[in-house]
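Asker: Structure: upload-v9.cif, mmCIF, C-alpha atoms and all ligand atoms.
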data_data
#
loop_
_atom_site.label_atom_id
_atom_site.label_comp_id
_atom_site.auth_asym_id
_atom_site.auth_seq_id
_atom_site.Cartn_x
_atom_site.Cartn_y
_atom_site.Cartn_z
CA MET A 1 252.65 55.61 -7.55
CA GLY A 2 252.11 54.91 -3.86
CA LYS A 3 251.53 51.76 -1.84
CA ASN A 4 247.75 52.37 -1.81
CA TRP A 5 247.61 52.42 -5.61
CA PHE A 6 249.42 49.09 -5.72
CA LEU A 7 247.17 47.50 -3.08
CA GLU A 8 244.05 48.75 -4.89
CA LYS A 9 245.37 47.29 -8.15
CA LYS A 10 245.95 43.88 -6.56
CA LYS A 11 242.34 43.78 -5.34
CA GLU A 12 240.99 44.60 -8.78
CA PRO A 13 239.17 41.58 -10.35
CA TRP A 14 240.54 42.04 -13.89
CA TYR A 15 244.07 42.27 -12.51
CA ARG A 16 243.59 39.02 -10.58
CA LYS A 17 242.01 37.31 -13.60
CA ALA A 18 245.01 38.36 -15.75
CA LYS A 19 247.40 36.86 -13.19
CA ARG A 20 245.39 33.62 -13.10
CA GLU A 21 245.19 33.24 -16.85
CA GLY A 22 248.81 34.17 -17.57
CA TYR A 23 248.23 37.54 -19.25
CA ARG A 24 250.82 40.23 -18.72
CA ALA A 25 248.22 42.97 -18.20
CA ARG A 26 244.52 43.37 -17.38
CA SER A 27 244.19 45.30 -20.64
CA ALA A 28 244.32 41.91 -22.42
CA PHE A 29 240.61 41.55 -21.53
CA LYS A 30 239.78 44.91 -23.08
CA LEU A 31 241.14 43.70 -26.42
CA GLN A 32 239.29 40.38 -26.05
CA GLN A 33 236.03 42.25 -25.37
CA ILE A 34 236.57 44.66 -28.28
CA GLN A 35 237.27 41.63 -30.46
CA GLU A 36 234.04 39.90 -29.37
CA ARG A 37 232.02 42.95 -30.35
CA HIS A 38 233.88 44.19 -33.44
CA GLU A 39 236.11 41.39 -34.79
CA ILE A 40 239.04 43.75 -35.25
CA LEU A 41 241.62 40.94 -35.79
CA ARG A 42 241.43 37.88 -38.03
CA THR A 43 243.39 34.70 -38.60
CA GLY A 44 246.51 35.34 -40.70
CA ASP A 45 246.53 39.12 -40.11
CA THR A 46 249.65 41.25 -39.84
CA VAL A 47 249.11 43.48 -36.81
CA ILE A 48 251.06 46.42 -35.39
CA ASP A 49 250.49 46.89 -31.63
CA LEU A 50 251.43 50.43 -30.52
CA GLY A 51 252.10 51.06 -26.84
CA ALA A 52 252.55 47.32 -26.37
CA ALA A 53 254.30 47.06 -22.97
CA PRO A 54 254.11 44.86 -20.97
CA GLY A 55 252.52 42.78 -23.74
CA GLY A 56 248.91 41.90 -22.83
CA TRP A 57 247.46 43.01 -26.17
CA SER A 58 250.29 41.34 -28.08
CA GLN A 59 249.48 38.03 -26.33
CA VAL A 60 245.81 38.29 -27.32
CA ALA A 61 246.65 39.49 -30.84
CA LYS A 62 249.00 36.54 -31.37
CA GLU A 63 246.30 34.10 -30.21
CA LEU A 64 243.82 35.65 -32.65
CA VAL A 65 246.02 35.84 -35.77
CA GLY A 66 247.47 32.36 -35.23
CA PRO A 67 250.70 30.93 -36.62
CA ALA A 68 250.08 32.34 -40.13
CA GLY A 69 249.74 35.86 -38.75
CA ARG A 70 252.31 38.35 -37.59
CA VAL A 71 252.42 40.70 -34.59
CA ILE A 72 254.90 43.53 -34.11
CA GLY A 73 254.70 45.48 -30.84
CA VAL A 74 256.22 48.92 -30.27
CA ASP A 75 256.79 50.72 -26.98
CA LEU A 76 259.04 53.27 -25.29
CA ALA A 77 259.63 50.62 -22.64
CA ASN A 78 261.47 47.36 -22.98
CA ILE A 79 259.20 44.31 -23.37
CA ALA A 80 260.16 40.83 -22.23
CA PRO A 81 260.45 38.43 -25.19
CA MET A 82 257.28 36.65 -26.34
CA GLU A 83 257.13 33.66 -28.64
CA GLY A 84 255.98 34.56 -32.14
CA VAL A 85 255.93 38.33 -31.52
CA GLN A 86 258.57 40.88 -32.52
CA PHE A 87 259.13 44.03 -30.49
CA VAL A 88 260.61 47.38 -31.37
CA ARG A 89 261.66 49.72 -28.58
CA GLY A 90 261.09 53.32 -29.57
CA ASP A 91 258.92 56.42 -29.57
CA MET A 92 256.08 56.23 -32.11
CA THR A 93 256.04 60.01 -32.43
CA LYS A 94 259.53 59.79 -33.98
CA GLN A 95 260.18 59.07 -37.64
CA GLU A 96 263.11 56.80 -36.80
CA THR A 97 260.83 54.40 -34.87
CA MET A 98 258.30 54.29 -37.72
CA ASP A 99 261.17 53.59 -40.14
CA GLU A 100 262.41 50.74 -37.94
CA VAL A 101 258.95 49.15 -37.91
CA LEU A 102 258.75 49.49 -41.70
CA ARG A 103 262.17 47.85 -42.08
CA LEU A 104 261.09 44.95 -39.88
CA LEU A 105 257.82 44.58 -41.78
CA ALA A 106 259.62 44.51 -45.14
CA LYS A 107 261.58 41.46 -44.02
CA GLY A 108 258.36 39.41 -43.65
CA ALA A 109 256.74 37.30 -46.36
CA LYS A 110 253.89 39.80 -46.84
CA GLY A 111 256.18 42.84 -47.02
CA THR A 112 254.88 46.12 -45.61
CA ARG A 113 251.21 45.10 -46.01
CA VAL A 114 249.38 45.54 -42.67
CA ASP A 115 245.82 44.44 -41.88
CA ALA A 116 245.36 46.12 -38.51
CA VAL A 117 246.97 48.75 -36.30
CA ILE A 118 245.96 48.67 -32.63
CA SER A 119 247.05 51.43 -30.27
CA ASP A 120 246.71 51.42 -26.50
CA MET A 121 249.31 54.19 -26.11
CA SER A 122 248.83 56.36 -23.02
CA PRO A 123 250.76 59.49 -22.13
CA GLN A 124 252.52 59.97 -18.79
CA ILE A 125 249.71 61.20 -16.55
CA THR A 126 250.44 64.69 -15.20
CA GLY A 127 247.24 65.11 -13.18
CA ASN A 128 246.25 68.08 -15.32
CA TYR A 129 243.41 66.54 -17.37
CA THR A 130 243.46 69.14 -20.15
CA MET A 131 247.14 68.42 -20.71
CA ASP A 132 246.75 64.64 -20.40
CA GLN A 133 243.89 64.66 -22.89
CA ALA A 134 245.88 66.76 -25.39
CA ASN A 135 248.85 64.40 -24.98
CA SER A 136 246.60 61.40 -25.57
CA VAL A 137 245.26 62.91 -28.80
CA PHE A 138 248.83 63.72 -29.87
CA LEU A 139 249.77 60.03 -29.52
CA CYS A 140 246.61 59.01 -31.37
CA GLN A 141 247.40 61.36 -34.24
CA HIS A 142 250.74 59.58 -34.67
CA ALA A 143 249.03 56.19 -34.55
CA VAL A 144 246.64 57.34 -37.28
CA ALA A 145 249.44 58.84 -39.41
CA PHE A 146 251.28 55.54 -39.20
CA ALA A 147 248.13 53.55 -39.97
CA ARG A 148 247.47 55.70 -43.04
CA LYS A 149 250.96 54.83 -44.25
CA VAL A 150 250.85 51.07 -43.75
CA LEU A 151 247.26 49.82 -43.83
CA ASP A 152 245.98 47.85 -46.76
CA ALA A 153 242.69 49.01 -48.33
CA GLY A 154 239.92 47.74 -46.05
CA GLY A 155 242.30 47.62 -43.07
CA ARG A 156 241.31 48.21 -39.45
CA LEU A 157 242.45 50.57 -36.70
CA LEU A 158 241.74 50.41 -32.98
CA VAL A 159 242.85 53.42 -30.97
CA LYS A 160 242.49 54.46 -27.34
CA VAL A 161 241.84 58.13 -26.76
CA PHE A 162 240.99 60.22 -23.69
CA GLU A 163 237.67 61.98 -24.12
CA GLY A 164 237.68 65.77 -23.96
CA GLU A 165 238.05 68.96 -25.92
CA ASP A 166 240.22 67.60 -28.77
CA TYR A 167 238.29 64.34 -29.12
CA PRO A 168 235.50 65.31 -31.60
CA GLU A 169 237.96 66.81 -34.09
CA PHE A 170 240.18 63.73 -33.84
CA ARG A 171 237.21 61.37 -34.38
CA ASP A 172 235.97 63.41 -37.36
CA ASP A 173 239.42 63.34 -38.96
CA LEU A 174 239.48 59.55 -38.58
CA LYS A 175 236.14 59.32 -40.38
CA LYS A 176 237.79 60.73 -43.52
CA SER A 177 239.94 57.61 -43.88
CA PHE A 178 237.61 54.81 -42.73
CA HIS A 179 234.16 53.64 -43.77
CA THR A 180 233.02 53.26 -40.17
CA VAL A 181 234.31 54.68 -36.89
CA LYS A 182 232.59 53.49 -33.72
CA PRO A 183 233.31 54.31 -30.07
CA TYR A 184 233.31 51.40 -27.65
CA ASN A 185 233.96 51.05 -23.94
CA PRO A 186 234.80 47.44 -23.04
CA PRO A 187 233.54 46.26 -19.62
CA ALA A 188 237.17 45.76 -18.47
CA SER A 189 237.75 49.54 -18.72
CA ARG A 190 237.62 51.12 -15.29
CA LYS A 191 234.20 52.71 -14.71
CA GLN A 192 235.67 56.05 -13.70
CA SER A 193 238.02 56.06 -16.69
CA SER A 194 237.71 58.73 -19.37
CA GLU A 195 239.33 56.52 -22.00
CA ILE A 196 237.37 55.44 -25.01
CA TYR A 197 238.28 53.03 -27.80
CA LEU A 198 237.58 53.98 -31.40
CA VAL A 199 237.13 51.06 -33.74
CA ALA A 200 237.72 52.13 -37.34
CA THR A 201 237.11 49.68 -40.17
CA GLY A 202 237.27 49.77 -43.97
CA PHE A 203 240.40 51.85 -44.51
CA LYS A 204 240.18 54.05 -47.62
CA PRO A 205 243.69 54.85 -48.85
CA ALA A 206 244.04 58.39 -50.22
CA ARG A 207 243.77 58.29 -54.02
CA PRO A 208 247.04 59.11 -55.79
CA THR A 209 247.00 62.61 -57.25
CA THR A 210 248.42 63.94 -60.53
CA PRO A 211 251.23 66.56 -60.38
CA SER A 212 248.54 69.28 -60.73
CA GLY A 213 246.90 67.98 -57.55
CA ALA A 214 243.80 66.57 -59.26
CA ALA A 215 242.75 63.04 -58.31
CA ALA A 216 244.11 60.50 -60.77
CA THR A 217 241.51 58.54 -62.73
C1 LIG A 301 248.30 51.21 -21.07
S1 LIG A 301 249.95 50.84 -21.54
C2 LIG A 301 249.72 49.62 -22.77
C3 LIG A 301 249.32 48.26 -22.25
C4 LIG A 301 249.39 47.19 -23.33
N1 LIG A 301 248.38 47.39 -24.35
C5 LIG A 301 249.23 45.82 -22.76
O1 LIG A 301 248.17 45.21 -22.96
O2 LIG A 301 250.16 45.31 -22.14
C6 LIG A 301 250.40 52.23 -22.49
C7 LIG A 301 251.77 52.17 -23.11
O3 LIG A 301 251.95 53.23 -24.05
C8 LIG A 301 253.33 53.45 -24.16
N2 LIG A 301 253.63 54.70 -24.86
C9 LIG A 301 253.34 55.96 -24.46
N3 LIG A 301 253.82 56.86 -25.33
C10 LIG A 301 254.43 56.15 -26.32
C11 LIG A 301 255.14 56.52 -27.50
N4 LIG A 301 255.31 57.81 -27.84
N5 LIG A 301 255.65 55.54 -28.29
C12 LIG A 301 255.50 54.23 -27.94
N6 LIG A 301 254.83 53.82 -26.83
C13 LIG A 301 254.32 54.77 -26.02
C14 LIG A 301 253.77 53.46 -22.69
O4 LIG A 301 255.15 53.25 -22.57
C15 LIG A 301 252.93 52.33 -22.11
O5 LIG A 301 253.66 51.12 -22.04
#
Could I get this structure in the form of structure tokens?
Answerer:
Amino acid sequence: MGKNWFLEKKKEPWYRKAKREGYRARSAFKLQQIQERHEILRTGDTVIDLGAAPGGWSQVAKELVGPAGRVIGVDLANIAPMEGVQFVRGDMTKQETMDEVLRLLAKGAKGTRVDAVISDMSPQITGNYTMDQANSVFLCQHAVAFARKVLDAGGRLLVKVFEGEDYPEFRDDLKKSFHTVKPYNPPASRKQSSEIYLVATGFKPARPTTPSGAAAT
């Protein structure tokens, strides 16, 4: 990223507001705005924040869940410590990272029960939009697979995805596991951005099946 990109960023109002208010990233306001519209997080929730670096969403999530809640952030990058939040450094497309998060969860009072998974994961931008979009959907598919494993019935998922060819199929797959799936673009998203946030509520766990494959009664 060049000098111009950095200068542009410093002029950006959400960036300056984040600096003023002590948030680690401008994306903190996106989560606040999504929360105002959709109430994705509640007091006392256990929340997994995927793609958490540098920690803006984790700060907002911790404020929303309060002292009785729990926030675990995961990222490829190292994240500076934050009071009341636990971080795992790892790749969410790898089983070993998911296992580490599960181990950490199991040590808490509520065990592996999770109320909400929020994912702001973004791929490394290559400049080839078709590839970037496919990589974004790939990350989202892992976020959804993880959410399907850990969410309590009725749980919530917030996931950022780049719009494009693979988007409709991804959204339709999500609809199989949640009562409602709504797209939302918070005002703090850059106008020219192709990212969209999907807010999925009312998680429906898959019904256990009998050995013959029929749904158990
Ligand atoms: C837009 S940033 C997230 C900003 C964050 N929500 C905040 O408010 O500070 C996207 C993050 O996704 C992370 N990421 C990308 N691929 C990942 C993966 N496979 N596993 C974990 N994190 C990943 C990147 O390292 C990057 O920090």
Asker: Set the distance at 9 Å and use all atoms listed in the file: which residues neighbour segment 33-50 of chain A once local chain neighbours fewer than 6 positions away are removed? I'd like the list as a ChimeraX atom specification.
Answerer: /A:57-58,61-75,92,101,110,113-121,143,147,156-158,184-188,197,199-201
Asker: Could you build a table of the residues in chain A lying no more than 6 Å from ligand LIG 301 (chain A), giving for each the nearest pair of atoms and their separation in Å rounded to one decimal place, using only C-alpha atoms and all ligand atoms, ordered by chain and ascending residue number, as CSV?
Answerer:
residue,atom,partner,partner_atom,distance
A:Ala25,CA,A:LIG301,O2,5.0
A:Ser27,CA,A:LIG301,O1,4.6
A:Ala28,CA,A:LIG301,O1,5.1
A:Gly51,CA,A:LIG301,O3,3.5
A:Ala52,CA,A:LIG301,C4,4.4
A:Ala53,CA,A:LIG301,O5,4.2
A:Pro54,CA,A:LIG301,O2,4.1
A:Gly55,CA,A:LIG301,O2,3.8
A:Gly56,CA,A:LIG301,O1,3.4
A:Trp57,CA,A:LIG301,O1,4.0
A:Val74,CA,A:LIG301,C12,5.8
A:Asp75,CA,A:LIG301,N6,3.7
A:Leu76,CA,A:LIG301,N6,4.5
A:Ala77,CA,A:LIG301,O4,5.2
A:Gly90,CA,A:LIG301,C12,5.9
A:Asp91,CA,A:LIG301,N5,3.6
A:Met92,CA,A:LIG301,N5,3.9
A:Thr93,CA,A:LIG301,N4,5.1
A:Asp120,CA,A:LIG301,N1,4.9
A:Met121,CA,A:LIG301,O3,3.5
A:Ser122,CA,A:LIG301,C6,4.5
A:Pro123,CA,A:LIG301,C9,5.0
Asker: Contacts of Gln141 of chain A at 12 Å or less, counting only C-alpha atoms, minus same-chain residues fewer than 5 places along, as a list in words?
Answerer: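 Near neighbours after the sequence-gap exclusion: Met92, Thr93, Ser119, Met121, Ala134, Asn135, Ser136, Phe146, Ala147, Arg148, Val159, Lys160, Val161, Asp166, Tyr167, Glu169, Phe170, Arg171, Asp173 and Leu174 of chain A.
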Asker: Please indicate the distance in Å from atom CA of Leu198 of chain A to atom CA of Pro168 of chain A, rounded to one decimal place.
Answerer: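 Separation of atom CA of Leu198 of chain A and atom CA of Pro168 of chain A: 11.5 Å.
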Asker: Report, in Å with one decimal, the straight-line distance from atom CA of Phe203 of chain A to atom CA of Ser177 of chain A.
Answerer: 5.8 Å
